[in-house]
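Q: Handing you this structure, nothing more for now.
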Amino acid sequence: MTDAALSSSRSTNPFSGLMSGTAGPVLVVVLAILAIWYVGTFALNAPFQRDLYERADRVDVPFSQLVADTMAQDRPKLPAPHQVAIELWDTTVEKKITSKRSLIYHSGITLTSTLLGFAIGTGLGILLAIGIVHSQVLNKSLMPWVISSQTIPILAIAPMIIVVLGNIGITGTLPKALISTYLSFFPVTVGMVKGLRSPEVMHMDLMHTYSATRVQTFFKLRLPYAVPYLFTSMKIGMAASLVGAIIGELPTGAVAGLGARLLAGSYYGQTVQIWSALIMAAILAGSLVALIGALEKLTLKRMGLAR
Amino acid sequence: MLTAAEIEDGLEDAMSEQAKRVIDIEKLSLTFQTNDGPVHALSDIDLKIEEGDFVSFIGPSGCGKTTLLRVIADLEQPTAGSITVNGLSPEQARLNRAYGYVFQAAALYPWRTIAKNIALPLEIMGLSKAEQQERISKNMELVNLAGFEQKYPWQLSGGMQQRASIARALAVEPDLLLMDEPFGALDEIVRDHLNDQLHQLWDKTNKTVVFVTHSIPEAVYLSTKIVVLCPRPGRIYDVIDSDLPRNRTLDLRESPEFLKIAHRVREGLKAGHSYDD
């Protein structure tokens, strides 16, 4: 008997079985979002649709027709979920990956710069954290800059990074990636500082009684202690990296990447295209974070920390 | 008149006498500077510990017994007086890996198996894999943990974890074992059992043990020398040399000799105002 069946047989509430697993609640939330989305689609697109009817002198249009028409506009204020789904299907499965209209192609461009920026950001974050934890001077001199760097709106600084780097001959993926780096190093630095400082006093004393060197203490005590913190910050850093890569594509008028799709969509009022790019970005971010989550589970299990 | 040879003999005697002295503490004081003013954790401590001694520090919390142990281990610095461990400064002794330290909690690393935990100090010492393996199995045998090599700490009971931490301290093969209330967090049944095992271990290996406790029966049962400390300022009130036989079993606790020493410890604690509020 499954868990769901077991719990429903014990309970008098007929829905308790459905809600006991994870599938039930997830399904309910997805359905709720879709319902709100459809209602919103109707509410936002109906005025324009009524305008159209008026101009065409069509009166007495049945309500069901109105509803159907608000869901089938070319450039709706808010496209219906199924319109976005069809657009997603058309631009991924139906198009060749090499095509400029393929969302897979654009995702690939953004993904490359996301991953590059994330890798640099994570590395930088770890290095900064190591310095900050081991040196009082670096702690006092670096930490304020690390924090204040994140108070500047990324949208304001992104064009400058692109322009400055462009002037010294760095173009292409790297400038975009550096914007991802700018966003992703922060959570990693903060998380790793916390993680590397988290060993108990007794464990630190123990290393002292062994006359362990700083390097030994780092690799045998501080680093293992920081691993769970690292994964948590990497999840945040990965999501931030993707945002950074998309933002990096906006000010340059890039021709490829999810950011470019968003930009092109907004130039031509292609809301369906915008939304499908947004959904694609969300799927991408979700998958990347899930990937880190899986890696985390595997690592902690191998370390004997997951029970 | 002494001949040159006699003087040399005398010197040699003195040297070997000196070599047998593991810990020599003279007029040692330690004052912590806190926001509420200075705290005299240790005041005017004089103590000699010979090779093969089992010395217990007993006293109420705040009497400085753990601090004194930490000074020996070079985890705290005295503010006055002198201390030598194996004739060296505590720092030198620590660098020579003169002692193994057992903390109040097992302090095992949760991401290491029991065998890997015991290997930790050996890795730091840079021993070969074969040597590590040999010491791991030898010491796990010694604390009756053979067969638990691949278990993680959380899979073991509190008593077993503490035994693993003792094996880890022994793996360094120190002549001196410093133990800070190692069984304080365990229930009395487990504690009695581990006391018995620790006594046998000491009897077999002839190591010098310095043992911090707040249990009178534990101190009397295990020790050859009991140091009674009292608080504010932390100081030594009494040093009791135990005349109990070396070979001890838990039944000894009901014997008149045992109770006599226990009584003297209690009297010492009382006179040192340990029972005052």
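Just so we're on the same page: first chain in the structure tokens is A, next is B, and so on; residues restart at 1 for each chain, and ligands are numbered from 1 in the order they show up.
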Quick check for you: according to DSSP on this backbone, which residues of stretch 34-168 of chain A are classed as alpha helix (DSSP H)? Reply as a PyMOL selection string.
A: chain A and resi 34-55+63-70+81-92+103-134+136-149+154-167
Q: If DSSP is run on the backbone, what residues of stretch 41-70 of chain B are strand (DSSP E)? A reply as a list in words would be ideal.
A: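 Of stretch 41-70 of chain B, the ones in strand (DSSP E) are Ala41, Leu42, Ser43, Asp44, Ile45, Asp46, Leu47, Lys48, Ile49, Glu50, Phe54, Val55, Ser56, Phe57 and Ile58 of chain B.
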Q: Write the residues you've just listed into a file as a PDB file, in the first residue's frame, and include C-alpha atoms for each of them.
A:
```pdb
ATOM      1  CA  ALA B  41      40.900  31.770  37.487  1.00  0.00           C
ATOM      2  CA  LEU B  42      44.054  30.287  39.021  1.00  0.00           C
ATOM      3  CA  SER B  43      46.065  31.589  41.910  1.00  0.00           C
ATOM      4  CA  ASP B  44      49.435  30.443  43.192  1.00  0.00           C
ATOM      5  CA  ILE B  45      49.265  26.848  41.993  1.00  0.00           C
ATOM      6  CA  ASP B  46      52.109  24.485  42.975  1.00  0.00           C
ATOM      7  CA  LEU B  47      51.874  20.966  41.653  1.00  0.00           C
ATOM      8  CA  LYS B  48      54.213  18.144  40.655  1.00  0.00           C
ATOM      9  CA  ILE B  49      53.037  15.173  38.643  1.00  0.00           C
ATOM     10  CA  GLU B  50      55.281  12.125  38.250  1.00  0.00           C
ATOM     11  CA  PHE B  54      46.780   9.175  37.704  1.00  0.00           C
ATOM     12  CA  VAL B  55      45.944  12.635  38.974  1.00  0.00           C
ATOM     13  CA  SER B  56      42.404  13.936  39.360  1.00  0.00           C
ATOM     14  CA  PHE B  57      41.456  17.607  39.649  1.00  0.00           C
ATOM     15  CA  ILE B  58      38.229  17.847  41.591  1.00  0.00           C
TER      16      ILE B  58
END
```
Q: Tell me as number ranges by chain which residues belonging to chain B come within 7 Å of chain A, counting only C-alpha atoms.
A: B: 73, 94-95, 97, 107, 110-111, 121, 124, 152
Q: Atom CA of A:Val190 and atom CA of A:Ala129, how far apart in Å?
A: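 Value for the atom CA of A:Ala129-atom CA of A:Val190 distance: 7.2 Å.
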Q: As number ranges by chain, please: the residues near A:Tyr105 (cut-off 12 Å, only C-alpha atoms, same-chain neighbours under 4 positions excluded).
A: A: 91-93, 95-101, 109-112, 255-258, 260-261, 277, 280
Q: Need to verify the contact set: A:Pro153, 12 Å, only C-alpha atoms, exclusion of same-chain residues closer than 5 positions in sequence. Can you return it as a tab-separated table (two decimals) with C-alpha atoms, in the first residue's frame?
A:
```tsv
chain	number	residue	atom	x	y	z
A	148	SER	CA	28.32	47.87	-0.62
A	158	ALA	CA	25.73	46.60	-16.19
A	159	PRO	CA	25.99	48.98	-19.19
A	160	MET	CA	29.12	50.54	-17.71
A	179	ILE	CA	27.85	40.78	-14.68
A	182	TYR	CA	29.17	40.52	-9.93
A	183	LEU	CA	25.86	39.14	-8.69
A	244	GLY	CA	22.93	38.80	-14.48
A	247	ILE	CA	20.54	41.80	-17.83
```
Q: Just the number, please: distance in Å from atom CA of A:Tyr229 to atom CA of A:Leu124, one decimal.
A: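 Interatomic distance, atom CA of A:Tyr229 to atom CA of A:Leu124: 15.7 Å.
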Q: Neighbouring residues of stretch 155-168 of chain B were defined as those with any atom within 7 Å, considering only C-alpha atoms; residues of the same chain fewer than 6 positions away were excluded. Please report them as a ChimeraX atom specification.
A: /B:102,106,108,114,117-118,139-140,143,186,190
Q: Could you jot down the atom CA of A:Phe186 to atom CA of A:Gly125 separation for me, Å, one decimal place?
A: 6.5 Å
Q: Give me the residues within 10 Å of B:Pro78 as a PyMOL selection string, counting only C-alpha atoms and dropping any in the same chain fewer than 5 places off.
A: chain B and resi 28-32+41-43+67-68+70-72+83
Q: Show me, as an MDAnalysis selection string, the residues that have an atom within 6 Å of stretch 232-245 of chain B when counting only C-alpha atoms, minus same-chain residues fewer than 5 positions from it.
A: chainID B and resid 40:43 63:64 224:227
